[in-house]
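See structure below.
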Amino acid sequence: MTDRPPSIDALARSIADVALPQPLLVDAARAAVAANDPDSARARAEATAHALLQPVINATGVLLHTNLGRAPVAWHQDAGYSNLEIDLVSGRRGSRHAHAATLIARACGAEAAMIVNNGASAVLLVLAAVARGRDVLVSRGEAVEIGGGFRVPEVMAESGARLVDVGTTNRTRLADYSSALARVDTDVALVLKVHPSNYRIEGFTEGVEVADLATLAAPVVVDIGSGLLDAACPWLKGGPPEWVRGERAARQTLEAGAAAVTFSGDKLLGGPQAGVIAGRRDVVDACARHPLARALRAGGLTLAALQATALAYLSRDGDAIPFWRMATIAVGDLRSRAEAIDVGKVVETQAVAGAGSLPGTEIPSIGLAVPGDHTTALRGTTPLPIIARVHDDVTICDLRTVDPTHDAALATALRALA
């Protein structure tokens, strides 16, 4: 006579100390029994709990790590209602673009702005609202693919705009745009200039500046991608760091004559995931009126977090924006923290912005190096998993992306490895 399998309910109750709702404990128990391995129920439940969305320590040296949620953002609000779409003066229906979007517009010198759910949505909405059924001129060198396999030509196709290639992959001149505009078989709605994202063309290259494109008989929209608001970085006491010089910024792009810029909220802006459209009021209004605007709009939590970010910029308080605080900490301060942790070898490293921002640019940093590949063990650390990197069979924890409040946890985890 074969042994009967254990009761699913009893097995689920035996692992009730795992921090999961009862239905998920039952799922783990059923899977364990089905595998003829009842003793694995606890491990299965713990694996489910470990896979849930949770905070981690980013020790990779990639400040805007897409897999880790890009820009670190702190935002909390008590449960309740807000004036998301009501005018508190008149009592009539208001606009969700009257809060964070207005502040972002003010911070980058735009007439108006609106917020959507991510950077790709911002580009899609502008194209759909302004260029559906018409031609859009794009340099061949800027028809890029961004993370996740999304390609500019495909986004344009979904918007209903027609892509017109201009110039060559490595060299595009103003005359190329002028020639395309002069063709009798074209109906050009706008010129689109696209951030190169995570690649760079070097050598025998040529491009056209926004100020020159603005002389053409078509509005210019620039996807600056990474979301640097102002090249002068007035929110930083020391001005712009060397590694950000040359990055296209919203304020200067608009001043150069662009009709609108689009960018992500969770890259160099240092806010939550969002997409921003900022520029001339007529362009922004056309986007706000388009049917896609409702499908792509950001929610109240995102707008509240973005409002807090915008207020920090207007207050010129870079320390209130975690990305800028971490990106600009002095190397000497990082070295002092590494020496205080006193585990592993203190090494010089090179951090990067990440998320397609500042491709090819490195930021001097300091890390802790431990021989061997310990990344799997570090990812299993509790209560905060640690994400590190490996180079030449050495595990490196870069402190530029580790909040100082997590130094103790990092030290404990590294000592455990020994």
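Letters A, B, ... mark the chains of the structure tokens in the order given; residue numbers begin at 1 per chain; ligand numbers begin at 1, in order shown.
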List as a list in words the protein and nucleic acid residues near Val155 in chain A, meaning an atom at most 9 Å away when only C-alpha atoms are counted, but skip any in the same chain fewer than 2 places from it.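 In the requested format, the answer is Ala120, Ser121, Val123, Leu124, Leu127, Phe150, Arg151, Val152, Pro153, Ala157, Glu158, Ser159 and Gly160 of chain A.
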Env of His99 in chain A: 12 Å cut, atoms = only C-alpha atoms, seq-sep filter 6 positions within chain, self excluded. Answer as a ChimeraX atom specification. /A:82-87,105-106,112-115,300,302-311
Output C-alpha atoms of each residue in that selection to a file, as a JSON list (two decimals), in the first residue's frame.
```
[["chain", "number", "residue", "atom", "x", "y", "z"],
["A", 82, "SER", "CA", -6.30, 64.87, -4.42],
["A", 83, "ASN", "CA", -7.16, 67.78, -6.69],
["A", 84, "LEU", "CA", -5.96, 65.77, -9.68],
["A", 85, "GLU", "CA", -8.63, 67.10, -12.04],
["A", 86, "ILE", "CA", -10.54, 69.78, -10.14],
["A", 87, "ASP", "CA", -9.97, 73.52, -10.03],
["A", 105, "ALA", "CA", 7.55, 73.62, -18.24],
["A", 106, "ARG", "CA", 8.69, 76.40, -15.93],
["A", 112, "ALA", "CA", 3.57, 74.35, -21.85],
["A", 113, "ALA", "CA", 4.11, 70.69, -21.05],
["A", 114, "MET", "CA", 2.18, 67.48, -20.52],
["A", 115, "ILE", "CA", 3.01, 64.17, -18.89],
["A", 300, "GLY", "CA", -1.96, 60.51, -9.86],
["A", 302, "THR", "CA", 3.30, 59.36, -10.83],
["A", 303, "LEU", "CA", 2.25, 62.99, -11.16],
["A", 304, "ALA", "CA", 2.65, 63.59, -7.43],
["A", 305, "ALA", "CA", 6.16, 62.12, -7.43],
["A", 306, "LEU", "CA", 7.06, 64.10, -10.54],
["A", 307, "GLN", "CA", 5.70, 67.27, -8.94],
["A", 308, "ALA", "CA", 8.02, 66.75, -5.96],
["A", 309, "THR", "CA", 10.94, 66.28, -8.38],
["A", 310, "ALA", "CA", 10.04, 69.45, -10.30],
["A", 311, "LEU", "CA", 9.77, 71.47, -7.09]]
```
Could you build a table of the residues in range 268-329 of chain A lying no more than 12 Å from range 214-225 of chain A, giving for each the nearest pair of atoms and their separation in Å rounded to one decimal place, using only C-alpha atoms, ordered by chain and ascending residue number, as a tab-separated table?
```
residue	atom	partner	partner_atom	distance
A:Leu268	CA	A:Gly225	CA	9.1
A:Leu269	CA	A:Gly225	CA	10.2
A:Ala274	CA	A:Gly225	CA	11.5
A:Gly275	CA	A:Gly225	CA	9.3
A:Val276	CA	A:Gly225	CA	9.7
A:Ile277	CA	A:Asp223	CA	9.2
A:Ala278	CA	A:Val221	CA	9.8
A:Gly279	CA	A:Val221	CA	8.9
A:Arg280	CA	A:Pro219	CA	10.3
A:Asp282	CA	A:Pro219	CA	11.5
A:Val283	CA	A:Val221	CA	9.6
A:Val284	CA	A:Val221	CA	11.5
```
Please save C-alpha atoms of the selected residues as a PDB file, in the first residue's frame.
```
ATOM      1  CA  LEU A 268      18.638  62.241 -15.902  1.00  0.00           C
ATOM      2  CA  LEU A 269      15.531  64.036 -14.653  1.00  0.00           C
ATOM      3  CA  ALA A 274       7.015  59.094 -17.173  1.00  0.00           C
ATOM      4  CA  GLY A 275       7.276  60.808 -20.527  1.00  0.00           C
ATOM      5  CA  VAL A 276       7.383  64.574 -20.950  1.00  0.00           C
ATOM      6  CA  ILE A 277       6.309  66.685 -23.914  1.00  0.00           C
ATOM      7  CA  ALA A 278       7.391  70.315 -23.488  1.00  0.00           C
ATOM      8  CA  GLY A 279       7.487  73.223 -25.886  1.00  0.00           C
ATOM      9  CA  ARG A 280       5.169  75.495 -27.816  1.00  0.00           C
ATOM     10  CA  ASP A 282       0.034  74.831 -29.805  1.00  0.00           C
ATOM     11  CA  VAL A 283       2.032  71.567 -30.041  1.00  0.00           C
ATOM     12  CA  VAL A 284       1.271  70.562 -26.457  1.00  0.00           C
TER      13      VAL A 284
END
```
Apply DSSP to the backbone of this structure and, from range 81-224 of chain A, keep only the residues in helix (DSSP H, G or I); write these as a ChimeraX atom specification. /A:100-108,119-131,140-142,147-149,152-159,174-182,210-213
Could you check the closest approach to Ala369 in chain A for each of A:Ala256, A:Val194, A:Val346, A:Cys287 and tell me which residue wins, using only C-alpha atoms? A:Val346
Excluding Ala286 in chain A and any residue of its chain fewer than 2 positions from it, enumerate the residues within 10 Å of it, using only C-alpha atoms, and give them as a PyMOL selection string. chain A and resi 125-126+128-130+281-284+288-290+293
Where in range 303-357 of chain A does DSSP assign strand (DSSP E), given as a count of residues only? 7
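Residue neighbourhood of Val210 in chain A, excluding near-sequence residues (fewer than 5 positions): A:Thr253, A:Ala256, A:Gly257, A:Ala258, at 7 Å, using only C-alpha atoms.
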Generate the output file for the selected residues, C-alpha atoms, as an mmCIF file, in the first residue's frame.
```
data_model
loop_
_atom_site.group_PDB
_atom_site.id
_atom_site.type_symbol
_atom_site.label_atom_id
_atom_site.label_comp_id
_atom_site.auth_asym_id
_atom_site.auth_seq_id
_atom_site.Cartn_x
_atom_site.Cartn_y
_atom_site.Cartn_z
ATOM 1 C CA THR A 253 17.120 72.887 -27.220
ATOM 2 C CA ALA A 256 17.652 76.997 -30.165
ATOM 3 C CA GLY A 257 14.261 76.955 -31.883
ATOM 4 C CA ALA A 258 12.748 73.512 -31.345
#
```
Using only C-alpha atoms, pick whichever of A:Leu399, A:Val138, A:Ala100, A:Ile341 has the shortest atom-to-atom distance to Tyr313 in chain A.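 Smallest separation from Tyr313 in chain A among the options: A:Ala100.
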Tell me, as a PDB file with N, CA and C atoms, in the first residue's frame, which residues lie within 10 Å of Ala413 in chain A, counting only C-alpha atoms; anything in the same chain fewer than 4 positions away does not count.
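The file below, result_0.pdb, is the result:
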```pdb
ATOM      1  N   VAL A 343      35.797  45.669   4.205  1.00  0.00           N
ATOM      2  CA  VAL A 343      35.661  44.290   3.728  1.00  0.00           C
ATOM      3  C   VAL A 343      36.055  44.280   2.260  1.00  0.00           C
ATOM      4  N   ALA A 377      24.891  34.620  -4.522  1.00  0.00           N
ATOM      5  CA  ALA A 377      24.722  34.688  -3.067  1.00  0.00           C
ATOM      6  C   ALA A 377      24.246  36.068  -2.638  1.00  0.00           C
ATOM      7  N   LEU A 378      24.769  37.114  -3.250  1.00  0.00           N
ATOM      8  CA  LEU A 378      24.376  38.474  -2.875  1.00  0.00           C
ATOM      9  C   LEU A 378      22.922  38.754  -3.243  1.00  0.00           C
ATOM     10  N   GLY A 380      20.628  36.717  -3.011  1.00  0.00           N
ATOM     11  CA  GLY A 380      19.807  36.027  -2.033  1.00  0.00           C
ATOM     12  C   GLY A 380      19.882  36.630  -0.643  1.00  0.00           C
ATOM     13  N   THR A 381      20.593  37.737  -0.494  1.00  0.00           N
ATOM     14  CA  THR A 381      20.735  38.377   0.812  1.00  0.00           C
ATOM     15  C   THR A 381      19.396  38.915   1.303  1.00  0.00           C
ATOM     16  N   THR A 382      19.140  38.768   2.585  1.00  0.00           N
ATOM     17  CA  THR A 382      17.936  39.322   3.195  1.00  0.00           C
ATOM     18  C   THR A 382      18.334  40.327   4.273  1.00  0.00           C
ATOM     19  N   LEU A 384      17.526  42.781   2.155  1.00  0.00           N
ATOM     20  CA  LEU A 384      17.681  43.478   0.889  1.00  0.00           C
ATOM     21  C   LEU A 384      18.644  42.727  -0.023  1.00  0.00           C
ATOM     22  N   PRO A 385      18.153  42.187  -1.133  1.00  0.00           N
ATOM     23  CA  PRO A 385      19.073  41.585  -2.104  1.00  0.00           C
ATOM     24  C   PRO A 385      20.071  42.625  -2.606  1.00  0.00           C
ATOM     25  N   ILE A 386      21.275  42.170  -2.908  1.00  0.00           N
ATOM     26  CA  ILE A 386      22.327  43.065  -3.400  1.00  0.00           C
ATOM     27  C   ILE A 386      22.678  42.659  -4.823  1.00  0.00           C
ATOM     28  N   ASP A 407      25.228  50.968   3.683  1.00  0.00           N
ATOM     29  CA  ASP A 407      26.615  50.503   3.830  1.00  0.00           C
ATOM     30  C   ASP A 407      26.730  49.378   4.853  1.00  0.00           C
ATOM     31  N   ALA A 408      26.007  49.484   5.950  1.00  0.00           N
ATOM     32  CA  ALA A 408      26.076  48.451   6.994  1.00  0.00           C
ATOM     33  C   ALA A 408      25.574  47.111   6.476  1.00  0.00           C
ATOM     34  N   ALA A 409      24.473  47.128   5.730  1.00  0.00           N
ATOM     35  CA  ALA A 409      23.938  45.892   5.164  1.00  0.00           C
ATOM     36  C   ALA A 409      24.900  45.287   4.164  1.00  0.00           C
ATOM     37  N   LEU A 417      30.286  36.385   3.098  1.00  0.00           N
ATOM     38  CA  LEU A 417      30.920  35.662   1.997  1.00  0.00           C
ATOM     39  C   LEU A 417      32.229  35.036   2.450  1.00  0.00           C
ATOM     40  N   ALA A 418      32.901  35.728   3.369  1.00  0.00           N
ATOM     41  CA  ALA A 418      34.205  35.229   3.842  1.00  0.00           C
ATOM     42  C   ALA A 418      34.054  34.042   4.768  1.00  0.00           C
TER      43      ALA A 418
END
```
In terms of the shortest atom-to-atom distance over only C-alpha atoms, which of A:Arg400, A:Arg4, A:Arg173, A:Arg93 is closest to Gln350 in chain A?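 Nearest candidate to Gln350 in chain A out of A:Arg400, A:Arg4, A:Arg173, A:Arg93: A:Arg400.
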Extract, using only C-alpha atoms, all DNA, RNA and protein residues at most 12 Å from Arg379 in chain A, discarding same-chain residues fewer than 3 positions from it, and format them as a ChimeraX atom specification. /A:50-51,54-59,373-376,382-389,410,413-414
When you look at Ala338 in chain A with a cut-off of 10 Å (counting only C-alpha atoms), what residues show up, excluding the ones that are within fewer than 5 positions of it in the same chain? I need them as a list in words.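 Listing them by chain and then by number gives Gly332, Asp333, Val343, Gly344, Lys345, Val346, Val347, Ile366, Gly367, Leu368, Cys397, Asp398, Leu399, Asp407 and Ala411 of chain A.
Computed from the coordinates, the CA of Ala320 in chain A to CA of His76 in chain A distance equals 14.5 Å.
As for CA of Lys237 in chain A and CA of Phe323 in chain A, they are spaced 15.1 Å apart.
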If I take CA of Leu334 in chain A and CA of Gly61 in chain A, how far is one from the other in Å, to one decimal?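 Here the two named atoms are 12.1 Å from each other.
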Minimum-distance residue to Arg415 in chain A, chosen among A:Asp135, A:Glu348, A:Asp342, A:Asp165 (using only C-alpha atoms):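 Of A:Asp135, A:Glu348, A:Asp342, A:Asp165, the one nearest Arg415 in chain A, counting only C-alpha atoms, is A:Asp342.
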